[in-house]
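Trainee: Below is the file query.cif, which contains mmCIF, C-alpha atoms and all ligand atoms.
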```cif
data_protein
loop_
_atom_site.group_PDB
_atom_site.id
_atom_site.type_symbol
_atom_site.label_atom_id
_atom_site.label_comp_id
_atom_site.auth_asym_id
_atom_site.auth_seq_id
_atom_site.Cartn_x
_atom_site.Cartn_y
_atom_site.Cartn_z
ATOM 1 C CA MET A 1 -11.456 10.882 -2.432
ATOM 2 C CA THR A 2 -10.136 8.210 -4.802
ATOM 3 C CA HIS A 3 -12.732 6.084 -6.650
ATOM 4 C CA SER A 4 -10.472 4.217 -9.053
ATOM 5 C CA GLY A 5 -11.902 0.803 -8.099
ATOM 6 C CA LYS A 6 -8.360 -0.458 -7.471
ATOM 7 C CA LYS A 7 -7.764 -2.503 -4.340
ATOM 8 C CA VAL A 8 -6.366 -0.446 -1.470
ATOM 9 C CA CYS A 9 -3.895 -1.538 1.208
ATOM 10 C CA PHE A 10 -3.170 0.268 4.492
ATOM 11 C CA MET A 11 0.271 -0.776 5.702
ATOM 12 C CA THR A 12 2.271 0.143 8.807
ATOM 13 C CA GLY A 13 6.057 -0.017 8.810
ATOM 14 C CA ALA A 14 6.711 0.266 5.084
ATOM 15 C CA SER A 15 9.837 2.297 5.870
ATOM 16 C CA GLY A 16 11.374 -0.937 7.185
ATOM 17 C CA LEU A 17 13.803 -3.162 5.311
ATOM 18 C CA LEU A 18 11.381 -6.007 4.739
ATOM 19 C CA GLY A 19 8.334 -3.742 5.004
ATOM 20 C CA GLY A 20 9.472 -1.601 2.069
ATOM 21 C CA GLU A 21 9.877 -4.671 -0.157
ATOM 22 C CA ILE A 22 6.417 -5.917 0.828
ATOM 23 C CA ALA A 23 4.812 -2.539 0.015
ATOM 24 C CA LEU A 24 6.514 -2.377 -3.372
ATOM 25 C CA SER A 25 5.464 -5.919 -4.260
ATOM 26 C CA LEU A 26 1.861 -5.245 -3.273
ATOM 27 C CA ALA A 27 1.850 -2.228 -5.571
ATOM 28 C CA GLY A 28 3.052 -4.626 -8.272
ATOM 29 C CA GLU A 29 0.100 -6.867 -7.426
ATOM 30 C CA GLY A 30 -2.280 -4.003 -8.241
ATOM 31 C CA TYR A 31 -2.836 -2.436 -4.819
ATOM 32 C CA THR A 32 -2.814 1.286 -4.102
ATOM 33 C CA ILE A 33 -0.717 1.625 -0.943
ATOM 34 C CA PHE A 34 -1.320 4.011 1.976
ATOM 35 C CA PHE A 35 1.580 3.420 4.327
ATOM 36 C CA THR A 36 3.008 4.736 7.576
ATOM 37 C CA TRP A 37 6.508 5.608 8.668
ATOM 38 C CA ASN A 38 7.639 6.950 12.029
ATOM 39 C CA THR A 39 11.284 8.101 12.092
ATOM 40 C CA SER A 40 12.723 7.044 8.701
ATOM 41 C CA GLU A 41 11.332 9.782 6.472
ATOM 42 C CA GLU A 42 14.031 9.487 3.808
ATOM 43 C CA LYS A 43 13.625 5.709 3.455
ATOM 44 C CA ALA A 44 9.838 6.162 3.380
ATOM 45 C CA ALA A 45 10.101 8.813 0.660
ATOM 46 C CA GLN A 46 12.352 6.556 -1.433
ATOM 47 C CA THR A 47 9.907 3.687 -1.054
ATOM 48 C CA LEU A 48 6.961 5.911 -1.999
ATOM 49 C CA GLU A 49 8.788 7.156 -5.085
ATOM 50 C CA LYS A 50 9.303 3.559 -6.301
ATOM 51 C CA ILE A 51 5.710 2.592 -5.456
ATOM 52 C CA ARG A 52 4.289 5.584 -7.345
ATOM 53 C CA TRP A 53 5.922 4.441 -10.579
ATOM 54 C CA ILE A 54 3.512 1.511 -10.411
ATOM 55 C CA SER A 55 0.688 2.924 -8.311
ATOM 56 C CA PRO A 56 0.533 6.738 -8.635
ATOM 57 C CA GLU A 57 -2.276 7.255 -6.110
ATOM 58 C CA SER A 58 -0.277 5.724 -3.256
ATOM 59 C CA ARG A 59 0.408 7.904 -0.204
ATOM 60 C CA MET A 60 2.393 7.873 3.026
ATOM 61 C CA ILE A 61 1.820 9.411 6.436
ATOM 62 C CA ARG A 62 3.851 9.728 9.619
ATOM 63 C CA CYS A 63 2.354 7.758 12.500
ATOM 64 C CA ASP A 64 3.757 6.531 15.794
ATOM 65 C CA VAL A 65 1.734 3.348 16.273
ATOM 66 C CA SER A 66 2.543 3.211 19.980
ATOM 67 C CA LYS A 67 0.051 6.101 20.303
ATOM 68 C CA PRO A 68 -3.525 5.031 19.474
ATOM 69 C CA ALA A 69 -4.536 8.673 18.842
ATOM 70 C CA GLU A 70 -1.980 8.844 16.002
ATOM 71 C CA ILE A 71 -3.331 5.591 14.559
ATOM 72 C CA SER A 72 -6.851 7.079 14.599
ATOM 73 C CA SER A 73 -5.594 10.218 12.855
ATOM 74 C CA ALA A 74 -3.829 8.142 10.190
ATOM 75 C CA PHE A 75 -7.026 6.185 9.511
ATOM 76 C CA ALA A 76 -9.025 9.431 9.378
ATOM 77 C CA ALA A 77 -6.585 10.754 6.764
ATOM 78 C CA PHE A 78 -6.857 7.425 4.931
ATOM 79 C CA GLN A 79 -10.647 7.659 4.812
ATOM 80 C CA GLU A 80 -10.511 11.202 3.461
ATOM 81 C CA GLN A 81 -8.556 9.857 0.486
ATOM 82 C CA PHE A 82 -9.845 6.338 -0.104
ATOM 83 C CA ASP A 83 -13.325 4.845 -0.187
ATOM 84 C CA ARG A 84 -12.349 1.215 0.398
ATOM 85 C CA LEU A 85 -9.938 -0.902 2.441
ATOM 86 C CA ASP A 86 -9.099 -4.321 1.031
ATOM 87 C CA LEU A 87 -6.003 -5.197 3.005
ATOM 88 C CA LEU A 88 -4.206 -4.227 6.199
ATOM 89 C CA ILE A 89 -0.566 -5.230 6.551
ATOM 90 C CA ALA A 90 0.552 -4.620 10.150
ATOM 91 C CA SER A 91 4.336 -4.648 9.980
ATOM 92 C CA ALA A 92 5.539 -1.797 12.241
ATOM 93 C CA SER A 93 7.797 -3.208 14.926
ATOM 94 C CA ASN A 94 10.707 -2.453 17.217
ATOM 95 C CA PHE A 95 13.445 -4.985 17.930
ATOM 96 C CA PHE A 96 16.341 -4.787 20.357
ATOM 97 C CA SER A 97 17.777 -6.970 23.085
ATOM 98 C CA THR A 98 16.635 -6.583 26.701
ATOM 99 C CA PRO A 99 18.622 -8.975 28.907
ATOM 100 C CA LEU A 100 16.885 -10.242 32.032
ATOM 101 C CA PRO A 101 16.833 -9.214 34.868
ATOM 102 C CA TYR A 102 17.613 -5.642 33.771
ATOM 103 C CA VAL A 103 14.666 -4.776 31.519
ATOM 104 C CA THR A 104 13.547 -1.204 32.130
ATOM 105 C CA GLU A 105 9.960 0.054 31.975
ATOM 106 C CA LYS A 106 10.997 2.317 29.093
ATOM 107 C CA GLN A 107 12.309 -0.654 27.085
ATOM 108 C CA TRP A 108 9.181 -2.689 27.852
ATOM 109 C CA ASP A 109 6.895 0.166 26.810
ATOM 110 C CA CYS A 110 8.861 0.851 23.638
ATOM 111 C CA LEU A 111 8.655 -2.774 22.483
ATOM 112 C CA VAL A 112 5.229 -3.791 23.731
ATOM 113 C CA ASP A 113 3.467 -0.483 22.970
ATOM 114 C CA THR A 114 4.753 -0.457 19.393
ATOM 115 C CA ASN A 115 4.513 -4.130 18.555
ATOM 116 C CA LEU A 116 1.465 -5.338 20.465
ATOM 117 C CA LYS A 117 -0.599 -2.272 21.440
ATOM 118 C CA GLY A 118 0.150 -0.645 18.077
ATOM 119 C CA THR A 119 -0.878 -3.753 16.138
ATOM 120 C CA PHE A 120 -4.050 -4.155 18.203
ATOM 121 C CA PHE A 121 -5.268 -0.587 17.670
ATOM 122 C CA THR A 122 -4.273 -0.656 13.996
ATOM 123 C CA MET A 123 -6.285 -3.849 13.492
ATOM 124 C CA GLN A 124 -9.217 -2.388 15.437
ATOM 125 C CA GLU A 125 -9.307 0.748 13.257
ATOM 126 C CA ALA A 126 -9.109 -1.409 10.123
ATOM 127 C CA VAL A 127 -11.959 -3.740 11.071
ATOM 128 C CA ARG A 128 -14.227 -0.761 11.830
ATOM 129 C CA ILE A 129 -13.929 0.165 8.154
ATOM 130 C CA MET A 130 -13.840 -3.389 6.803
ATOM 131 C CA GLN A 131 -16.947 -4.634 8.598
ATOM 132 C CA LYS A 132 -19.083 -1.997 6.835
ATOM 133 C CA GLN A 133 -17.959 -3.180 3.388
ATOM 134 C CA SER A 134 -19.865 -5.690 1.288
ATOM 135 C CA PHE A 135 -16.755 -7.555 0.080
ATOM 136 C CA VAL A 136 -14.203 -9.816 1.782
ATOM 137 C CA SER A 137 -11.137 -8.024 3.111
ATOM 138 C CA ARG A 138 -7.963 -9.237 4.758
ATOM 139 C CA ILE A 139 -5.565 -8.499 7.600
ATOM 140 C CA ILE A 140 -2.034 -9.883 7.652
ATOM 141 C CA SER A 141 0.290 -9.104 10.565
ATOM 142 C CA LEU A 142 4.006 -9.764 10.768
ATOM 143 C CA THR A 143 5.158 -11.657 13.829
ATOM 144 C CA ASP A 144 8.391 -13.609 14.305
ATOM 145 C CA ILE A 145 9.372 -17.240 14.856
ATOM 146 C CA SER A 146 10.772 -16.072 18.202
ATOM 147 C CA ALA A 147 7.169 -15.944 19.453
ATOM 148 C CA ASN A 148 7.592 -19.724 19.673
ATOM 149 C CA LEU A 149 11.163 -19.780 20.989
ATOM 150 C CA VAL A 150 12.674 -19.032 24.374
ATOM 151 C CA TRP A 151 15.051 -16.132 23.771
ATOM 152 C CA ARG A 152 16.245 -15.104 27.225
ATOM 153 C CA ASN A 153 17.456 -11.657 26.061
ATOM 154 C CA PHE A 154 14.287 -10.687 24.193
ATOM 155 C CA ALA A 155 11.343 -11.313 26.547
ATOM 156 C CA PRO A 156 9.400 -8.059 25.835
ATOM 157 C CA TYR A 157 9.898 -8.474 22.070
ATOM 158 C CA THR A 158 8.937 -12.149 21.976
ATOM 159 C CA VAL A 159 5.907 -11.680 24.230
ATOM 160 C CA SER A 160 4.733 -8.832 21.985
ATOM 161 C CA LYS A 161 4.957 -11.102 18.930
ATOM 162 C CA ALA A 162 3.262 -13.992 20.768
ATOM 163 C CA GLY A 163 0.492 -11.540 21.670
ATOM 164 C CA ILE A 164 0.006 -10.621 18.018
ATOM 165 C CA GLN A 165 -0.395 -14.314 17.177
ATOM 166 C CA HIS A 166 -3.178 -14.541 19.752
ATOM 167 C CA LEU A 167 -4.847 -11.396 18.367
ATOM 168 C CA THR A 168 -4.823 -13.080 14.957
ATOM 169 C CA LYS A 169 -7.042 -15.858 16.284
ATOM 170 C CA VAL A 170 -9.373 -13.530 18.230
ATOM 171 C CA PHE A 171 -9.904 -11.151 15.302
ATOM 172 C CA ALA A 172 -10.258 -14.045 12.821
ATOM 173 C CA LYS A 173 -13.047 -15.633 14.858
ATOM 174 C CA THR A 174 -14.765 -12.349 15.704
ATOM 175 C CA PHE A 175 -14.864 -10.897 12.203
ATOM 176 C CA ALA A 176 -15.448 -14.026 10.100
ATOM 177 C CA PRO A 177 -16.727 -14.506 7.464
ATOM 178 C CA HIS A 178 -16.114 -11.032 5.988
ATOM 179 C CA ILE A 179 -12.565 -10.412 7.227
ATOM 180 C CA LEU A 180 -9.799 -13.019 6.932
ATOM 181 C CA VAL A 181 -7.073 -12.498 9.528
ATOM 182 C CA ASN A 182 -3.702 -14.242 9.394
ATOM 183 C CA SER A 183 -0.082 -13.722 10.448
ATOM 184 C CA ILE A 184 3.262 -14.476 8.912
ATOM 185 C CA ALA A 185 6.132 -15.425 11.212
ATOM 186 C CA PRO A 186 9.446 -14.858 9.433
ATOM 187 C CA GLY A 187 12.712 -16.404 10.529
ATOM 188 C CA THR A 188 15.915 -14.600 9.599
ATOM 189 C CA ILE A 189 15.215 -12.597 6.449
ATOM 190 C CA THR A 190 17.210 -9.366 6.469
ATOM 191 C CA LEU A 191 20.656 -9.603 8.058
ATOM 192 C CA HIS A 192 22.144 -6.592 9.839
ATOM 193 C CA PRO A 193 25.901 -7.367 10.028
ATOM 194 C CA ASP A 194 26.324 -4.805 12.849
ATOM 195 C CA LYS A 195 23.366 -6.023 14.896
ATOM 196 C CA GLU A 196 23.576 -9.822 14.592
ATOM 197 C CA LEU A 197 23.642 -11.713 17.891
ATOM 198 C CA GLN A 198 26.068 -14.336 16.582
ATOM 199 C CA PRO A 199 28.359 -14.696 13.525
ATOM 200 C CA ILE A 200 26.266 -14.769 10.349
ATOM 201 C CA GLU A 201 27.748 -18.203 9.424
ATOM 202 C CA ASP A 202 26.407 -19.614 12.713
ATOM 203 C CA THR A 203 22.952 -18.220 11.952
ATOM 204 C CA ILE A 204 22.998 -19.760 8.481
ATOM 205 C CA ASN A 205 24.188 -23.104 9.865
ATOM 206 C CA SER A 206 21.241 -23.112 12.290
ATOM 207 C CA ILE A 207 18.785 -22.965 9.366
ATOM 208 C CA PRO A 208 18.006 -26.406 7.882
ATOM 209 C CA LEU A 209 17.609 -24.903 4.385
ATOM 210 C CA LYS A 210 21.082 -23.315 4.811
ATOM 211 C CA ARG A 211 20.295 -19.759 3.793
ATOM 212 C CA PRO A 212 18.645 -16.705 5.262
ATOM 213 C CA GLY A 213 15.231 -15.965 3.840
ATOM 214 C CA ASP A 214 14.741 -13.444 1.068
ATOM 215 C CA PRO A 215 11.988 -10.782 1.192
ATOM 216 C CA LEU A 216 10.524 -12.665 -1.780
ATOM 217 C CA ASP A 217 9.959 -15.686 0.485
ATOM 218 C CA ILE A 218 7.717 -13.537 2.705
ATOM 219 C CA ILE A 219 6.021 -11.852 -0.252
ATOM 220 C CA ARG A 220 5.153 -15.269 -1.728
ATOM 221 C CA ALA A 221 3.477 -16.215 1.567
ATOM 222 C CA ILE A 222 1.510 -12.937 1.553
ATOM 223 C CA ILE A 223 0.366 -13.513 -2.032
ATOM 224 C CA PHE A 224 -0.637 -17.071 -1.106
ATOM 225 C CA LEU A 225 -2.848 -15.647 1.673
ATOM 226 C CA LEU A 226 -4.287 -13.012 -0.675
ATOM 227 C CA GLU A 227 -5.304 -15.782 -3.080
ATOM 228 C CA SER A 228 -6.753 -18.026 -0.358
ATOM 229 C CA ASP A 229 -10.425 -17.771 0.544
ATOM 230 C CA TYR A 230 -10.535 -20.527 3.164
ATOM 231 C CA ILE A 231 -7.668 -19.746 5.554
ATOM 232 C CA THR A 232 -8.194 -17.580 8.625
ATOM 233 C CA GLY A 233 -6.709 -17.388 12.123
ATOM 234 C CA GLN A 234 -3.431 -18.953 11.056
ATOM 235 C CA VAL A 235 0.229 -18.137 11.556
ATOM 236 C CA ILE A 236 2.331 -19.129 8.560
ATOM 237 C CA THR A 237 5.960 -19.727 9.473
ATOM 238 C CA VAL A 238 8.495 -18.831 6.781
ATOM 239 C CA ASP A 239 11.851 -19.703 8.322
ATOM 240 C CA GLY A 240 13.755 -22.254 6.237
ATOM 241 C CA GLY A 241 12.947 -24.856 8.890
ATOM 242 C CA ARG A 242 14.634 -23.001 11.756
ATOM 243 C CA LEU A 243 11.862 -23.804 14.250
ATOM 244 C CA LEU A 244 12.727 -27.486 13.756
ATOM 245 C CA GLN A 245 15.908 -26.980 15.810
HETATM 246 N N1 LIG B 301 13.450 -8.579 8.620
HETATM 247 C C1 LIG B 301 13.509 -9.758 9.254
HETATM 248 O O1 LIG B 301 14.468 -10.549 9.106
HETATM 249 C C2 LIG B 301 12.393 -10.142 10.170
HETATM 250 C C3 LIG B 301 12.479 -11.328 10.923
HETATM 251 C C4 LIG B 301 11.435 -11.656 11.777
HETATM 252 C C5 LIG B 301 10.315 -10.837 11.861
HETATM 253 N N2 LIG B 301 10.269 -9.706 11.101
HETATM 254 C C6 LIG B 301 9.082 -8.847 11.230
HETATM 255 O O2 LIG B 301 8.703 -8.402 9.934
HETATM 256 C C7 LIG B 301 8.244 -7.040 10.006
HETATM 257 C C8 LIG B 301 9.008 -6.172 9.021
HETATM 258 O O3 LIG B 301 10.399 -6.222 9.331
HETATM 259 P P1 LIG B 301 11.405 -5.105 8.797
HETATM 260 O O4 LIG B 301 12.655 -5.814 8.386
HETATM 261 O O5 LIG B 301 10.737 -4.218 7.811
HETATM 262 O O6 LIG B 301 11.692 -4.309 10.154
HETATM 263 P P2 LIG B 301 12.584 -2.978 10.320
HETATM 264 O O7 LIG B 301 13.512 -2.811 9.171
HETATM 265 O O8 LIG B 301 13.172 -3.061 11.697
HETATM 266 O O9 LIG B 301 11.516 -1.793 10.266
HETATM 267 C C9 LIG B 301 10.647 -1.559 11.328
HETATM 268 C C10 LIG B 301 9.488 -0.722 10.831
HETATM 269 O O10 LIG B 301 8.617 -0.469 11.928
HETATM 270 C C11 LIG B 301 8.429 0.939 12.027
HETATM 271 N N3 LIG B 301 8.248 1.338 13.417
HETATM 272 C C12 LIG B 301 9.042 1.097 14.488
HETATM 273 N N4 LIG B 301 8.545 1.710 15.573
HETATM 274 C C13 LIG B 301 7.411 2.353 15.186
HETATM 275 C C14 LIG B 301 6.442 3.152 15.850
HETATM 276 N N5 LIG B 301 6.510 3.420 17.176
HETATM 277 N N6 LIG B 301 5.417 3.649 15.119
HETATM 278 C C15 LIG B 301 5.331 3.387 13.802
HETATM 279 N N7 LIG B 301 6.201 2.637 13.113
HETATM 280 C C16 LIG B 301 7.231 2.121 13.809
HETATM 281 C C17 LIG B 301 9.687 1.554 11.456
HETATM 282 O O11 LIG B 301 9.405 2.902 11.080
HETATM 283 P P3 LIG B 301 10.550 4.031 11.068
HETATM 284 O O12 LIG B 301 11.830 3.356 10.663
HETATM 285 O O13 LIG B 301 10.031 5.018 10.084
HETATM 286 O O14 LIG B 301 10.615 4.576 12.468
HETATM 287 C C18 LIG B 301 9.932 0.635 10.271
HETATM 288 O O15 LIG B 301 9.095 0.995 9.211
HETATM 289 C C19 LIG B 301 8.387 -6.618 11.470
HETATM 290 O O16 LIG B 301 7.161 -6.773 12.129
HETATM 291 C C20 LIG B 301 9.409 -7.586 12.017
HETATM 292 O O17 LIG B 301 9.280 -7.812 13.420
HETATM 293 C C21 LIG B 301 11.269 -9.321 10.271
#
```
Written as structure tokens, that's how I'd like the structure from this file.
Mentor:
Amino acid sequence: MTHSGKKVCFMTGASGLLGGEIALSLAGEGYTIFFTWNTSEEKAAQTLEKIRWISPESRMIRCDVSKPAEISSAFAAFQEQFDRLDLLIASASNFFSTPLPYVTEKQWDCLVDTNLKGTFFTMQEAVRIMQKQSFVSRIISLTDISANLVWRNFAPYTVSKAGIQHLTKVFAKTFAPHILVNSIAPGTITLHPDKELQPIEDTINSIPLKRPGDPLDIIRAIIFLLESDYITGQVITVDGGRLLQ
């Protein structure tokens, strides 16, 4: 059990492109990080190595968040090692296109079970620890601006992200005043040249601020929420103005 007095963050999805940058930055902000990965062990190990230069007590664990029993096991392992939970970052997510009317049950389950069910049970495990603590703690989930857009080829993904935004409000109201619960909805941050739905120039032209976001843009929003004591139940959009289209 670690009793260093340092703030501790449980984070899902730190083996992701944006997730890894968030975890590293939070270590830089003084947090010890306990993070999950699912299939990307090598990326997770690289991220942990960088984090440990700054925060040597940080750990990682494999966890498929679409399975609530694995989430419970990850939190049990967390509690064996740490005696406090200051921050949950719920970032684990799947994303792929599912054109209507050919969405399969397997695709639906993969997207909704990971993104929505996984986030719900992760948040539920976190609040069970947080509500016993005598200090204010925080939950920040990662959604997507597409929760507020009509993307005809992404219905299971977008409904899962819209669901997370609703959970943000329910948890914020239920667990106030000791737990502050907010979401960040990124626009286009990391570009995957092989996976983009349209030419990258078209994506950039659709953003009023004329550039994709940088992980730092999301990290700044997270730090803003960590420094705020009077914001809960909100979704902060960080999209270069793209929702204005
Ligand atoms: N990057 C962007 O431009 C962007 C834009 C809008 C919203 N967002 C949101 O921001 C968050 C972070 O994005 P990102 O770029 O880091 O995403 P990413 O690169 O696609 O990574 C996804 C992460 O989720 C994990 N994951 C997927 N399925 C899982 C499962 N069943 N159980 C546990 N973990 C699982 C992956 O773990 P493994 O790889 O280890 O399997 C990985 O760590 C996500 O919630 C995403 O929806 C990102």
Trainee: From the set A:Leu111, A:Ile164, A:Ala155, A:Ala74, which residue has the shortest atom-to-atom contact distance to Ala90 of chain A, counting all atoms listed in the file?
Mentor: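 Checking each candidate against Ala90 of chain A, we get A:Ile164 as the closest.
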Trainee: Between A:Ala44, A:Tyr102, A:Thr122, A:Val8, which has the minimum distance to Ser58 of chain A (counting all atoms listed in the file)?
Mentor: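 Checking each of A:Ala44, A:Tyr102, A:Thr122, A:Val8 against Ser58 of chain A, counting all atoms listed in the file, the winner is A:Val8.
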Trainee: Run the PyMOL selection byres (((chain A and resi 135) around 10) and not hetatm) mentally over the shown coordinates, then write out the matched residues as a list in words, using the chain letters and numbers from the document.
Mentor: Arg84, Leu85, Asp86, Met130, Gln131, Lys132, Gln133, Ser134, Val136, Ser137, His178 and Ile179 of chain A
Trainee: Around ligand LIG 301 (chain B), which protein and nucleic acid residues have at least one atom no more than 8 Å from it, if we count all atoms listed in the file? List them as a compact mmCIF listing (two decimals) with C-alpha atoms, in the frame of the given file.
Mentor:
```txt
# COMPACT_ATOMS: atom_id res chain seq x y z
CA THR A 12 2.27 0.14 8.81
CA GLY A 13 6.06 -0.02 8.81
CA ALA A 14 6.71 0.27 5.08
CA SER A 15 9.84 2.30 5.87
CA GLY A 16 11.37 -0.94 7.18
CA LEU A 17 13.80 -3.16 5.31
CA LEU A 18 11.38 -6.01 4.74
CA GLY A 19 8.33 -3.74 5.00
CA GLY A 20 9.47 -1.60 2.07
CA THR A 36 3.01 4.74 7.58
CA TRP A 37 6.51 5.61 8.67
CA ASN A 38 7.64 6.95 12.03
CA THR A 39 11.28 8.10 12.09
CA SER A 40 12.72 7.04 8.70
CA GLU A 41 11.33 9.78 6.47
CA LYS A 43 13.62 5.71 3.46
CA ALA A 44 9.84 6.16 3.38
CA ARG A 62 3.85 9.73 9.62
CA CYS A 63 2.35 7.76 12.50
CA ASP A 64 3.76 6.53 15.79
CA VAL A 65 1.73 3.35 16.27
CA SER A 66 2.54 3.21 19.98
CA LYS A 67 0.05 6.10 20.30
CA ALA A 90 0.55 -4.62 10.15
CA SER A 91 4.34 -4.65 9.98
CA ALA A 92 5.54 -1.80 12.24
CA SER A 93 7.80 -3.21 14.93
CA ASN A 94 10.71 -2.45 17.22
CA PHE A 95 13.44 -4.99 17.93
CA CYS A 110 8.86 0.85 23.64
CA ASP A 113 3.47 -0.48 22.97
CA THR A 114 4.75 -0.46 19.39
CA ASN A 115 4.51 -4.13 18.56
CA GLY A 118 0.15 -0.64 18.08
CA SER A 141 0.29 -9.10 10.56
CA LEU A 142 4.01 -9.76 10.77
CA THR A 143 5.16 -11.66 13.83
CA ASP A 144 8.39 -13.61 14.30
CA ILE A 145 9.37 -17.24 14.86
CA SER A 146 10.77 -16.07 18.20
CA LYS A 161 4.96 -11.10 18.93
CA ALA A 185 6.13 -15.42 11.21
CA PRO A 186 9.45 -14.86 9.43
CA GLY A 187 12.71 -16.40 10.53
CA THR A 188 15.92 -14.60 9.60
CA ILE A 189 15.22 -12.60 6.45
CA THR A 190 17.21 -9.37 6.47
CA LEU A 191 20.66 -9.60 8.06
CA GLY A 213 15.23 -15.96 3.84
CA PRO A 215 11.99 -10.78 1.19
```
Trainee: Calculate how many Å separate atom CA of Gly30 of chain A from atom CA of Cys9 of chain A, rounding to one decimal.
Mentor: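 Separation of atom CA of Gly30 of chain A and atom CA of Cys9 of chain A: 9.9 Å.
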